[in-house]
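Everything below belongs to model.txt, which stores compact mmCIF, C-alpha atoms.
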```
# COMPACT_ATOMS: atom_id res chain seq x y z
CA ALA A 1156 136.30 4.86 28.04
CA GLN A 1157 133.94 2.55 26.22
CA ARG A 1158 135.44 1.27 23.04
CA VAL A 1159 135.10 -1.55 20.52
CA THR A 1160 138.12 -2.54 18.47
CA GLN A 1161 138.06 -4.64 15.33
CA PRO A 1162 141.70 -4.94 14.34
CA GLU A 1163 141.17 -6.20 10.80
CA LYS A 1164 139.67 -3.93 8.14
CA LEU A 1165 139.64 -6.75 5.62
CA LEU A 1166 139.70 -10.51 6.02
CA SER A 1167 139.97 -12.73 2.99
CA VAL A 1168 139.53 -16.53 3.17
CA PHE A 1169 138.76 -19.35 0.78
CA LYS A 1170 135.45 -21.16 0.77
CA GLY A 1171 135.46 -23.99 3.29
CA ALA A 1172 138.19 -22.44 5.44
CA PRO A 1173 137.59 -21.46 9.05
CA VAL A 1174 137.02 -17.80 9.73
CA GLU A 1175 137.46 -15.71 12.86
CA LEU A 1176 136.60 -12.04 13.02
CA LYS A 1177 138.18 -10.42 16.04
CA CYS A 1178 136.50 -8.02 18.42
CA ASN A 1179 137.90 -6.59 21.63
CA TYR A 1180 136.13 -4.20 23.91
CA SER A 1181 136.81 -1.79 26.72
CA TYR A 1182 134.04 -1.32 29.26
CA SER A 1183 133.97 -0.99 33.04
CA GLY A 1184 131.06 -3.23 33.87
CA SER A 1185 129.08 -6.03 32.29
CA PRO A 1186 128.42 -5.17 28.68
CA GLU A 1187 126.08 -6.71 26.18
CA LEU A 1188 127.87 -7.64 22.97
CA PHE A 1189 126.43 -7.98 19.49
CA TRP A 1190 127.51 -8.77 15.96
CA TYR A 1191 125.75 -6.93 13.14
CA VAL A 1192 126.16 -7.78 9.45
CA GLN A 1193 125.60 -5.84 6.26
CA TYR A 1194 125.42 -7.80 3.02
CA SER A 1195 125.91 -6.01 -0.27
CA ARG A 1196 123.01 -3.66 -1.02
CA GLN A 1197 121.15 -4.74 2.12
CA ARG A 1198 120.48 -2.98 5.36
CA LEU A 1199 122.48 -3.55 8.51
CA GLN A 1200 120.96 -6.32 10.60
CA LEU A 1201 121.61 -8.17 13.83
CA LEU A 1202 123.50 -11.43 13.39
CA LEU A 1203 123.77 -12.57 16.98
CA ARG A 1204 124.01 -11.38 20.58
CA HIS A 1205 126.09 -12.90 23.34
CA ILE A 1206 123.21 -13.25 25.77
CA SER A 1207 121.40 -15.64 23.43
CA ARG A 1208 124.32 -18.06 23.12
CA GLU A 1209 122.98 -19.12 19.75
CA SER A 1210 124.46 -20.10 16.41
CA ILE A 1211 123.19 -18.13 13.43
CA LYS A 1212 124.10 -19.15 9.87
CA GLY A 1213 126.83 -21.30 11.39
CA PHE A 1214 128.41 -18.38 13.24
CA THR A 1215 129.08 -18.39 16.96
CA ALA A 1216 130.65 -15.88 19.31
CA ASP A 1217 131.72 -16.37 22.90
CA LEU A 1218 132.12 -13.56 25.35
CA ASN A 1219 135.49 -13.84 27.09
CA LYS A 1220 135.46 -11.40 29.97
CA GLY A 1221 139.04 -12.15 30.94
CA GLU A 1222 140.34 -11.21 27.52
CA THR A 1223 137.54 -8.67 26.91
CA SER A 1224 136.87 -10.28 23.56
CA PHE A 1225 133.86 -11.36 21.52
CA HIS A 1226 135.32 -12.99 18.42
CA LEU A 1227 132.99 -14.25 15.69
CA LYS A 1228 133.76 -17.70 14.35
CA LYS A 1229 132.58 -20.06 11.66
CA PRO A 1230 134.25 -23.41 10.96
CA PHE A 1231 133.58 -23.47 7.20
CA ALA A 1232 133.13 -20.17 5.38
CA GLN A 1233 130.69 -19.87 2.48
CA GLU A 1234 130.74 -17.35 -0.37
CA GLU A 1235 127.43 -15.92 0.85
CA ASP A 1236 129.15 -14.96 4.12
CA SER A 1237 130.96 -12.18 2.28
CA ALA A 1238 129.79 -9.00 3.97
CA MET A 1239 130.70 -6.19 6.33
CA TYR A 1240 130.65 -7.25 9.98
CA TYR A 1241 130.38 -4.89 12.92
CA CYS A 1242 130.90 -5.73 16.55
CA ALA A 1243 128.87 -3.58 18.96
CA LEU A 1244 128.62 -3.02 22.68
CA SER A 1245 125.76 -1.85 24.84
CA GLY A 1246 126.23 -0.87 28.44
CA ARG A 1247 123.79 -1.82 31.18
CA GLY A 1248 121.21 0.89 31.60
CA SER A 1249 122.12 2.56 28.34
CA GLN A 1250 118.65 1.93 26.89
CA GLY A 1251 120.11 0.26 23.88
CA ASN A 1252 122.75 2.76 22.80
CA LEU A 1253 125.34 0.87 20.81
CA ILE A 1254 129.03 1.55 20.42
CA PHE A 1255 130.20 0.10 17.13
CA GLY A 1256 133.61 -1.04 16.01
CA LYS A 1257 134.91 0.17 12.67
CA GLY A 1258 133.94 -3.03 10.95
CA THR A 1259 135.66 -5.91 9.15
CA LYS A 1260 134.98 -6.69 5.54
CA LEU A 1261 134.92 -10.44 5.03
CA SER A 1262 135.62 -11.72 1.55
CA VAL A 1263 135.14 -15.44 0.92
CA LYS A 1264 136.76 -16.57 -2.31
CA PRO A 1265 135.55 -19.57 -4.32
CA ASP B 1133 108.26 -7.54 10.62
CA VAL B 1134 109.88 -4.31 11.77
CA LYS B 1135 110.07 -1.71 9.11
CA VAL B 1136 112.29 1.33 9.25
CA THR B 1137 112.03 3.50 6.20
CA GLN B 1138 114.07 6.51 5.11
CA SER B 1139 112.71 9.16 2.79
CA SER B 1140 115.43 8.97 0.15
CA ARG B 1141 118.02 6.42 -0.96
CA TYR B 1142 120.13 9.00 -2.75
CA LEU B 1143 120.31 12.75 -2.26
CA VAL B 1144 122.49 15.39 -3.89
CA LYS B 1145 122.64 18.84 -2.34
CA ARG B 1146 124.76 21.95 -2.67
CA THR B 1147 126.97 23.47 0.00
CA GLY B 1148 124.98 25.72 2.29
CA GLU B 1149 121.61 24.12 1.61
CA LYS B 1150 119.36 22.99 4.44
CA VAL B 1151 118.83 19.25 4.25
CA PHE B 1152 116.13 17.13 5.86
CA LEU B 1153 116.47 13.38 6.22
CA GLU B 1154 113.33 11.62 7.38
CA CYS B 1155 113.00 8.29 9.15
CA VAL B 1156 109.81 6.43 10.03
CA GLN B 1157 109.39 3.21 12.00
CA ASP B 1158 106.19 1.21 12.31
CA MET B 1159 106.82 -0.85 15.44
CA ASP B 1160 106.05 1.67 18.16
CA HIS B 1161 109.69 1.74 19.28
CA GLU B 1162 110.64 4.27 21.92
CA ASN B 1163 114.24 4.72 20.83
CA MET B 1164 115.45 6.11 17.54
CA PHE B 1165 118.95 6.84 16.31
CA TRP B 1166 120.82 8.59 13.52
CA TYR B 1167 124.27 7.38 12.45
CA ARG B 1168 126.63 8.20 9.68
CA GLN B 1169 128.58 5.37 8.09
CA ASP B 1170 131.94 6.07 6.50
CA PRO B 1171 134.52 3.57 5.16
CA GLY B 1172 137.18 2.87 7.75
CA LEU B 1173 135.28 4.75 10.44
CA GLY B 1174 132.34 2.43 10.99
CA LEU B 1175 129.10 3.78 12.39
CA ARG B 1176 129.18 6.98 14.39
CA LEU B 1177 126.21 8.12 16.42
CA ILE B 1178 124.97 11.61 15.60
CA TYR B 1179 121.84 11.95 17.74
CA PHE B 1180 119.35 9.70 19.46
CA SER B 1181 115.95 10.01 21.08
CA TYR B 1182 114.28 8.03 23.83
CA ASP B 1183 110.87 9.60 23.49
CA VAL B 1184 108.83 12.17 21.63
CA LYS B 1185 110.35 15.65 21.82
CA MET B 1186 113.44 14.26 23.55
CA LYS B 1187 116.87 14.24 21.98
CA GLU B 1188 120.38 13.49 23.10
CA LYS B 1189 123.68 14.25 21.41
CA GLY B 1190 125.74 11.37 20.20
CA ASP B 1191 129.43 11.35 19.39
CA ILE B 1192 129.39 13.72 16.40
CA PRO B 1193 126.44 16.14 16.69
CA GLU B 1194 128.21 19.20 15.28
CA GLY B 1195 126.50 20.54 12.20
CA TYR B 1196 123.36 18.48 12.77
CA SER B 1197 120.07 18.83 14.61
CA VAL B 1198 117.09 16.51 15.02
CA SER B 1199 113.37 16.63 15.53
CA ARG B 1200 111.01 14.09 17.01
CA GLU B 1201 107.47 15.41 17.04
CA LYS B 1202 105.83 12.01 16.72
CA LYS B 1203 106.91 8.69 18.14
CA GLU B 1204 107.30 7.03 14.77
CA ARG B 1205 109.24 9.79 13.04
CA PHE B 1206 112.79 11.03 13.63
CA SER B 1207 114.23 13.70 11.38
CA LEU B 1208 117.86 14.66 10.89
CA ILE B 1209 118.54 18.21 9.79
CA LEU B 1210 121.70 19.61 8.28
CA GLU B 1211 121.29 23.36 8.82
CA SER B 1212 123.93 24.30 6.26
CA ALA B 1213 125.30 21.34 4.38
CA SER B 1214 129.04 21.07 3.88
CA THR B 1215 131.12 18.76 1.72
CA ASN B 1216 132.44 16.90 4.77
CA GLN B 1217 128.88 15.80 5.47
CA THR B 1218 128.88 13.66 2.34
CA SER B 1219 128.19 10.23 3.76
CA MET B 1220 125.76 7.34 4.18
CA TYR B 1221 123.18 8.14 6.87
CA LEU B 1222 121.50 5.31 8.72
CA CYS B 1223 118.45 5.53 10.91
CA ALA B 1224 117.62 2.88 13.50
CA SER B 1225 114.97 2.16 16.11
CA SER B 1226 114.83 -0.15 19.11
CA SER B 1227 112.88 -1.27 22.12
CA PRO B 1228 113.70 -3.83 24.81
CA GLY B 1229 113.04 -7.36 23.69
CA THR B 1230 111.71 -10.24 25.79
CA SER B 1231 115.23 -10.90 27.08
CA GLY B 1232 115.61 -7.29 28.11
CA THR B 1233 118.23 -6.60 25.49
CA TYR B 1234 117.75 -4.07 22.75
CA GLU B 1235 118.05 -4.98 19.08
CA GLN B 1236 118.42 -2.04 16.75
CA PHE B 1237 116.56 -2.21 13.46
CA PHE B 1238 118.06 -0.22 10.65
CA GLY B 1239 116.71 1.61 7.67
CA PRO B 1240 118.16 1.15 4.17
CA GLY B 1241 120.25 4.30 4.44
CA THR B 1242 120.41 7.60 2.58
CA ARG B 1243 123.53 8.33 0.60
CA LEU B 1244 123.98 12.08 0.73
CA THR B 1245 126.37 13.88 -1.56
CA VAL B 1246 127.11 17.54 -0.89
CA LEU B 1247 128.65 19.37 -3.84
```

File written out as structure tokens:
Amino acid sequence: AQRVTQPEKLLSVFKGAPVELKCNYSYSGSPELFWYVQYSRQRLQLLLRHISRESIKGFTADLNKGETSFHLKKPFAQEEDSAMYYCALSGRGSQGNLIFGKGTKLSVKP
Amino acid sequence: DVKVTQSSRYLVKRTGEKVFLECVQDMDHENMFWYRQDPGLGLRLIYFSYDVKMKEKGDIPEGYSVSREKKERFSLILESASTNQTSMYLCASSSPGTSGTYEQFFGPGTRLTVL
């Protein structure tokens, strides 16, 4: 079964601390992995995708096929990073259907 | 800039009423989706559509139907609203990008309350 697991509902860190939002997936094949973010009172938007291997707003995520993980990391959290983060998976040939995790709320304290 | 718009930000309806949620996208995307977003449950796919007049059930289609008469418009219909359908409803659209991957673009959401 295809599944995305985000084990933490809430993650609270202090400004300047490193942050890691965990994401594990279950998929028989080569998935495409994404992180979406929803800031307060804003619409859900794409943060980054594994295929791009890019850093967005200081965040990076590496696909680890051995551990079936796609954790989101940032070395120094900022208050403006406070948001809801969703990990999502798309299977090859699925025409863009996404399977979302339940989300992690990140709170960065001053 | 991709724009996905939803007809209402807030909606209050009574149990048993028929409810229409409208979604329009302006980027000529083939694919459109309806989700509901609930705390602790994340986003759950209700229905999606790959083309005009085509629809596919998602994970939680019970109690919902959809209509896609035009490429840019995807409507979600609650035939007889119930209190357990109180939720935030998100619409999204997508097409394959230059890399071949699909990015979904979301609307602002409609918060529906069923009394």

Is there a way to get, as a short mmCIF file (atom, residue, chain, number, x, y, z; two decimals) with C-alpha atoms, in the coordinates of the input, all residues within 9 Å of the point (131.7, -17.4, 13.0) in file coordinates, counting only C-alpha atoms?
```
data_model
loop_
_atom_site.label_atom_id
_atom_site.label_comp_id
_atom_site.auth_asym_id
_atom_site.auth_seq_id
_atom_site.Cartn_x
_atom_site.Cartn_y
_atom_site.Cartn_z
CA PRO A 1173 137.59 -21.46 9.05
CA VAL A 1174 137.02 -17.80 9.73
CA GLU A 1175 137.46 -15.71 12.86
CA LEU A 1176 136.60 -12.04 13.02
CA SER A 1210 124.46 -20.10 16.41
CA ILE A 1211 123.19 -18.13 13.43
CA LYS A 1212 124.10 -19.15 9.87
CA GLY A 1213 126.83 -21.30 11.39
CA PHE A 1214 128.41 -18.38 13.24
CA THR A 1215 129.08 -18.39 16.96
CA ALA A 1216 130.65 -15.88 19.31
CA HIS A 1226 135.32 -12.99 18.42
CA LEU A 1227 132.99 -14.25 15.69
CA LYS A 1228 133.76 -17.70 14.35
CA LYS A 1229 132.58 -20.06 11.66
CA PRO A 1230 134.25 -23.41 10.96
CA PHE A 1231 133.58 -23.47 7.20
CA ALA A 1232 133.13 -20.17 5.38
#
```

Quick one: everything within 12 Å of Arg1208 (chain A), counting only C-alpha atoms, minus sequence neighbours fewer than 5 positions away in the same chain. Send it as a VMD selection string.
chain A and resid 1187 to 1189 1202 to 1203 1214 to 1218 1225

Just checking: using all atoms listed in the file, which residue out of B:Ser1214, B:Ser1219, B:Ser1197, B:Thr1242 ends up closest to chain A?
B:Thr1242

List the spatial neighbours of Phe1237 (chain B) as a PDB file with C-alpha atoms, in the frame of the given file - criterion: any atom at most 7 Å away, only C-alpha atoms, same-chain residues fewer than 4 positions off excluded.
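part_33.pdb written:
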```
ATOM      1  CA  GLN A1200     120.960  -6.320  10.600  1.00  0.00           C
TER       2      GLN A1200
ATOM      3  CA  VAL B1136     112.290   1.330   9.250  1.00  0.00           C
ATOM      4  CA  ALA B1224     117.620   2.880  13.500  1.00  0.00           C
ATOM      5  CA  SER B1225     114.970   2.160  16.110  1.00  0.00           C
ATOM      6  CA  SER B1226     114.830  -0.150  19.110  1.00  0.00           C
TER       7      SER B1226
END
```

Distance filter 7 Å, only C-alpha atoms, chain A against chain B, as a list in words
Gln1197, Arg1198, Leu1199, Gln1200, Gly1251, Phe1255, Gly1256, Lys1257 and Gly1258 of chain A

List as a list in words: which residues have an atom within 12 Å of (143.4, -6.3, 15.1), counting only C-alpha atoms?
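These residues have at least one counted atom within 12 Å: Val1159, Thr1160, Gln1161, Pro1162, Glu1163, Lys1164, Leu1165, Leu1166, Glu1175, Leu1176, Lys1177, Cys1178, Asn1179, Tyr1180, Ser1224, His1226, Gly1256, Lys1257, Gly1258 and Thr1259 of chain A.
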
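The list of residues with at least one atom within 9 Å of Asp1158 (chain B), based on only C-alpha atoms and without residues fewer than 4 positions apart in the same chain, reads Val1134, Lys1135, Val1136, Thr1137 and Glu1204 of chain B.
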
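The coordinates place CA of Thr1147 (chain B) at 10.5 Å from CA of Leu1210 (chain B).
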
In Å, rounded to a single decimal, give me how far CA of Gln1157 (chain B) is from CA of Ala1213 (chain B).
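We find that CA of Ala1213 (chain B) and CA of Gln1157 (chain B) lie 25.3 Å from each other.
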
Can you pull out the residues contacting Val1168 (chain A)? Cut-off 7 Å, using all atoms listed in the file, and skip same-chain residues under 3 positions away; I want them as a list in words.
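Listed by chain and then number, they are Ala1172, Ser1262, Val1263 and Lys1264 of chain A.
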
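In this model, the gap between CA of Gly1171 (chain A) and CA of Asn1219 (chain A) comes to 25.9 Å.
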